file upload_33.csv (CSV, C-alpha atoms)
chain,number,residue,atom,x,y,z
H,287,MET,CA,-5.4,-20.1,46.0
H,288,ASN,CA,-9.2,-20.3,46.7
H,289,SER,CA,-11.7,-21.4,44.0
H,290,THR,CA,-12.8,-17.8,43.2
H,291,ALA,CA,-9.3,-16.7,42.5
H,292,ARG,CA,-8.6,-19.8,40.5
H,293,ARG,CA,-11.8,-19.2,38.4
H,294,ALA,CA,-10.7,-15.6,37.8
H,295,ALA,CA,-7.3,-16.7,36.7
H,296,ILE,CA,-8.8,-19.2,34.3
H,297,VAL,CA,-11.2,-16.6,32.8
H,298,ALA,CA,-8.4,-14.1,32.4
H,299,THR,CA,-6.2,-16.7,30.7
H,300,LEU,CA,-9.0,-17.7,28.3
H,301,LEU,CA,-9.8,-14.0,27.5
H,302,LEU,CA,-6.1,-13.4,26.7
H,303,LEU,CA,-5.9,-16.6,24.7
H,304,GLY,CA,-9.0,-15.6,22.8
H,305,ALA,CA,-7.7,-12.1,22.1
H,306,GLY,CA,-4.4,-13.6,20.8
H,307,VAL,CA,-6.2,-15.9,18.5
H,308,LEU,CA,-8.4,-13.1,17.2
H,309,TRP,CA,-5.4,-10.9,16.6
H,310,TRP,CA,-3.7,-13.7,14.7
H,311,LEU,CA,-6.8,-14.4,12.6
H,312,LYS,CA,-7.0,-10.7,11.6
H,313,ALA,CA,-3.3,-10.3,11.0
H,314,GLU,CA,-2.2,-10.0,7.3
H,315,HIS,CA,-0.4,-12.9,5.8
H,316,THR,CA,2.9,-12.1,4.1
H,317,PRO,CA,3.2,-14.1,0.8
H,318,ARG,CA,7.0,-14.8,1.1
H,319,GLU,CA,7.4,-17.1,-1.9
H,320,SER,CA,5.8,-14.6,-4.3
H,321,ILE,CA,7.8,-11.7,-2.8
H,322,HIS,CA,11.0,-13.8,-3.2
H,323,ALA,CA,10.2,-14.5,-6.9
H,324,ALA,CA,9.6,-10.8,-7.6
H,325,GLN,CA,12.8,-9.8,-5.8
H,326,ALA,CA,14.9,-12.3,-7.7
H,327,PHE,CA,13.4,-11.0,-11.0
H,328,ILE,CA,14.2,-7.4,-10.1
H,329,GLY,CA,17.7,-8.3,-9.0
H,330,HIS,CA,18.4,-10.0,-12.4
H,331,LEU,CA,17.0,-7.0,-14.3
H,332,GLU,CA,19.0,-4.5,-12.3
H,333,ALA,CA,22.2,-6.6,-12.9
H,334,LYS,CA,21.2,-6.7,-16.6
H,335,ARG,CA,21.0,-10.5,-16.5
H,336,PHE,CA,18.1,-10.6,-18.9
H,337,ALA,CA,18.3,-14.4,-19.7
H,338,GLN,CA,18.2,-15.3,-16.0
H,339,ALA,CA,15.3,-12.8,-15.4
H,340,HIS,CA,13.4,-14.2,-18.4
H,341,GLU,CA,13.6,-17.7,-16.9
H,342,LEU,CA,11.6,-16.4,-13.9
H,343,THR,CA,8.7,-15.2,-16.1
H,344,THR,CA,5.6,-16.7,-17.7
H,345,LYS,CA,7.1,-15.8,-21.1
H,346,ASN,CA,4.2,-13.9,-22.4
H,347,GLY,CA,3.7,-10.6,-24.2
H,348,TYR,CA,3.8,-8.5,-21.0
H,349,VAL,CA,7.3,-9.8,-20.1
H,350,GLY,CA,8.5,-10.8,-23.6
H,351,VAL,CA,8.6,-14.2,-25.2
H,352,ASN,CA,12.5,-14.1,-25.1
H,353,ALA,CA,15.3,-12.4,-23.2
H,354,ALA,CA,15.7,-9.7,-25.9
H,355,GLU,CA,12.1,-8.7,-25.7
H,356,LEU,CA,12.3,-8.6,-21.9
H,357,GLU,CA,15.4,-6.3,-22.2
H,358,ALA,CA,13.4,-3.9,-24.5
H,359,ILE,CA,10.4,-3.9,-22.1
H,360,SER,CA,12.7,-3.3,-19.1
H,361,LYS,CA,14.2,-0.2,-20.8
H,362,ARG,CA,10.7,1.3,-20.8
H,363,GLU,CA,9.3,0.1,-17.5
H,364,MET,CA,12.2,-0.5,-15.1
H,365,CYS,CA,13.5,1.9,-12.5
H,366,ARG,CA,15.6,1.4,-9.4
H,367,ALA,CA,13.4,-0.5,-6.9
H,368,ALA,CA,14.8,0.2,-3.4
H,369,HIS,CA,12.3,-1.6,-1.2
H,370,ILE,CA,9.0,-3.3,-1.0
H,371,VAL,CA,6.0,-1.2,0.2
H,372,GLY,CA,3.3,-3.9,0.0
H,373,THR,CA,1.5,-6.7,-1.7
H,374,SER,CA,-2.0,-7.1,-3.0
H,375,PRO,CA,-4.6,-8.5,-2.7
H,376,PRO,CA,-4.4,-8.5,1.1
H,377,GLN,CA,-5.0,-11.9,2.7
H,378,SER,CA,-5.5,-12.5,6.5
H,379,ASN,CA,-4.4,-15.6,8.3
H,380,GLY,CA,-8.1,-16.2,9.1
H,381,ASN,CA,-9.0,-16.1,5.4
H,382,ARG,CA,-6.3,-18.6,4.6
H,383,LEU,CA,-7.5,-20.9,7.5
H,384,ARG,CA,-11.1,-20.6,6.2
H,385,ARG,CA,-10.0,-21.5,2.6
H,386,TRP,CA,-8.0,-24.5,4.0
H,387,ALA,CA,-10.9,-25.7,6.1
H,388,LEU,CA,-13.2,-25.6,3.0
H,389,GLY,CA,-10.7,-27.6,1.0
H,390,ARG,CA,-9.9,-24.7,-1.3
H,391,GLU,CA,-6.5,-23.6,-2.5
H,392,VAL,CA,-5.0,-21.5,0.3
H,393,ASP,CA,-2.7,-19.2,-1.8
H,394,VAL,CA,-4.3,-16.7,-4.1
H,395,PRO,CA,-3.2,-17.5,-7.7
H,396,GLU,CA,-1.8,-14.0,-8.4
H,397,VAL,CA,0.0,-11.5,-6.2
H,398,SER,CA,1.2,-8.0,-7.0
H,399,VAL,CA,4.4,-6.9,-5.2
H,400,GLU,CA,4.8,-3.1,-5.1
H,401,PHE,CA,8.4,-1.7,-5.0
H,402,GLU,CA,9.3,1.9,-4.3
H,403,GLY,CA,12.5,3.6,-5.3
H,404,ALA,CA,13.2,6.0,-8.2
H,405,CYS,CA,9.6,5.3,-9.2
H,406,LEU,CA,6.8,3.0,-8.1
H,407,LEU,CA,7.2,-0.5,-9.7
H,408,ARG,CA,4.6,-3.2,-9.6
H,409,VAL,CA,5.6,-6.8,-10.3
H,410,THR,CA,2.8,-9.3,-10.7
H,411,VAL,CA,3.6,-13.0,-10.0
H,412,ARG,CA,1.4,-15.9,-10.8
H,413,ARG,CA,1.5,-19.4,-9.2
H,414,MET,CA,2.1,-22.0,-11.9
H,415,SER,CA,0.7,-25.6,-11.9
H,416,GLY,CA,3.9,-26.9,-10.3
H,417,GLY,CA,3.5,-24.5,-7.4
H,418,GLU,CA,6.3,-22.1,-8.4
H,419,TRP,CA,5.8,-18.4,-8.8
H,420,ARG,CA,6.6,-16.7,-12.1
H,421,VAL,CA,6.5,-13.1,-13.1
H,422,SER,CA,3.6,-12.4,-15.5
H,423,ARG,CA,4.0,-8.6,-15.8
H,424,PHE,CA,5.8,-5.6,-14.4
H,425,ALA,CA,5.4,-1.9,-14.9
H,426,SER,CA,6.4,1.4,-13.4
H,427,HIS,CA,3.4,3.6,-12.6
H,428,ALA,CA,2.4,6.9,-11.0
H,429,GLY,CA,1.6,7.0,-7.3
call {"tool": "encode", "arguments": {"input": "upload_33.csv", "output": "structure tokens"}}
result
Amino acid sequence: MNSTARRAAIVATLLLLGAGVLWWLKAEHTPRESIHAAQAFIGHLEAKRFAQAHELTTKNGYVGVNAAELEAISKREMCRAAHIVGTSPPQSNGNRLRRWALGREVDVPEVSVEFEGACLLRVTVRRMSGGEWRVSRFASHAG
């Protein structure tokens, strides 16, 4: 391979690598831990295990201060949640990398997980001081 071909191969490789890095930086991060917490909560509610569901909450007025209040709230707000359609706020890998480089907390403190099924159902989870995610509110809503 002559030097011109070698340079062209190096430039092409660098361009492809740069495009791959740019794609990764722009790609949306999936907040798996917060999604898992929301799914576990919904699973308990659908199985009518209100005490277990309540253990996954922040135990406030939006989710009830006890399992009986959570049960009453779920009768008003709960519907069959078939699958997840998204999370908010959106956060890219690049944004997380920037926050890490600046010494800031990488994860956002609150994530809303949107479910779709018999209705639209939003479950908001909040990261607690110990790092675990707890449900702070949930509600069905119009599309």
call {"tool": "residues_around", "arguments": {"input": "upload_33.csv", "residues": "Arg408 (chain H)", "least_positions_apart": "6", "cutoff": "10 Å", "atoms": "all atoms listed in the file", "output": "ChimeraX atom specification"}}
result
/H:324,363-364,367,370,372-373,398-402,423-427
call {"tool": "closest_residue", "arguments": {"input": "upload_33.csv", "among": "H:Leu342, H:Ile296, H:Val307, H:Ala358", "to": "Ser320 (chain H)", "atoms": "all atoms listed in the file"}}
result
H:Leu342
call {"tool": "atom_distance", "arguments": {"input": "upload_33.csv", "atom1": "CA of Ala368 (chain H)", "atom2": "CA of Val397 (chain H)"}}
result
19.1 Å
call {"tool": "closest_residue", "arguments": {"input": "upload_33.csv", "among": "H:Leu311, H:Leu356, H:Ala305, H:Val297", "to": "Lys334 (chain H)", "atoms": "all atoms listed in the file"}}
result
H:Leu356
call {"tool": "atom_distance", "arguments": {"input": "upload_33.csv", "atom1": "CA of Gln325 (chain H)", "atom2": "CA of Arg385 (chain H)"}}
result
27.0 Å
call {"tool": "atom_distance", "arguments": {"input": "upload_33.csv", "atom1": "CA of Leu331 (chain H)", "atom2": "CA of Trp419 (chain H)"}}
result
16.9 Å
call {"tool": "decode", "arguments": {"input": "upload_33.csv", "residues": "region 331-360 of chain H", "atoms": "C-alpha atoms", "output": "compact mmCIF listing (two decimals), in the first residue's frame"}}
result
# COMPACT_ATOMS: atom_id res chain seq x y z
CA LEU H 331 -50.73 -2.39 41.61
CA GLU H 332 -52.06 -4.58 38.81
CA ALA H 333 -51.68 -7.64 41.08
CA LYS H 334 -53.43 -5.70 43.88
CA ARG H 335 -50.36 -6.02 46.14
CA PHE H 336 -50.83 -2.53 47.59
CA ALA H 337 -48.48 -2.97 50.57
CA GLN H 338 -45.61 -4.00 48.27
CA ALA H 339 -46.44 -1.19 45.84
CA HIS H 340 -46.50 1.33 48.68
CA GLU H 341 -43.01 0.25 49.77
CA LEU H 342 -41.76 1.51 46.37
CA THR H 343 -43.16 5.02 46.89
CA THR H 344 -42.07 8.24 48.57
CA LYS H 345 -45.12 7.88 50.85
CA ASN H 346 -46.59 11.31 50.17
CA GLY H 347 -50.06 12.65 49.43
CA TYR H 348 -49.81 11.85 45.70
CA VAL H 349 -49.28 8.12 46.34
CA GLY H 350 -50.80 7.87 49.81
CA VAL H 351 -49.15 7.82 53.19
CA ASN H 352 -50.18 4.18 53.65
CA ALA H 353 -51.22 1.18 51.54
CA ALA H 354 -54.95 1.84 52.06
CA GLU H 355 -54.64 5.38 50.66
CA LEU H 356 -52.61 4.03 47.73
CA GLU H 357 -55.36 1.52 47.01
CA ALA H 358 -57.98 4.30 46.96
CA ILE H 359 -55.84 6.46 44.68
CA SER H 360 -55.18 3.54 42.34
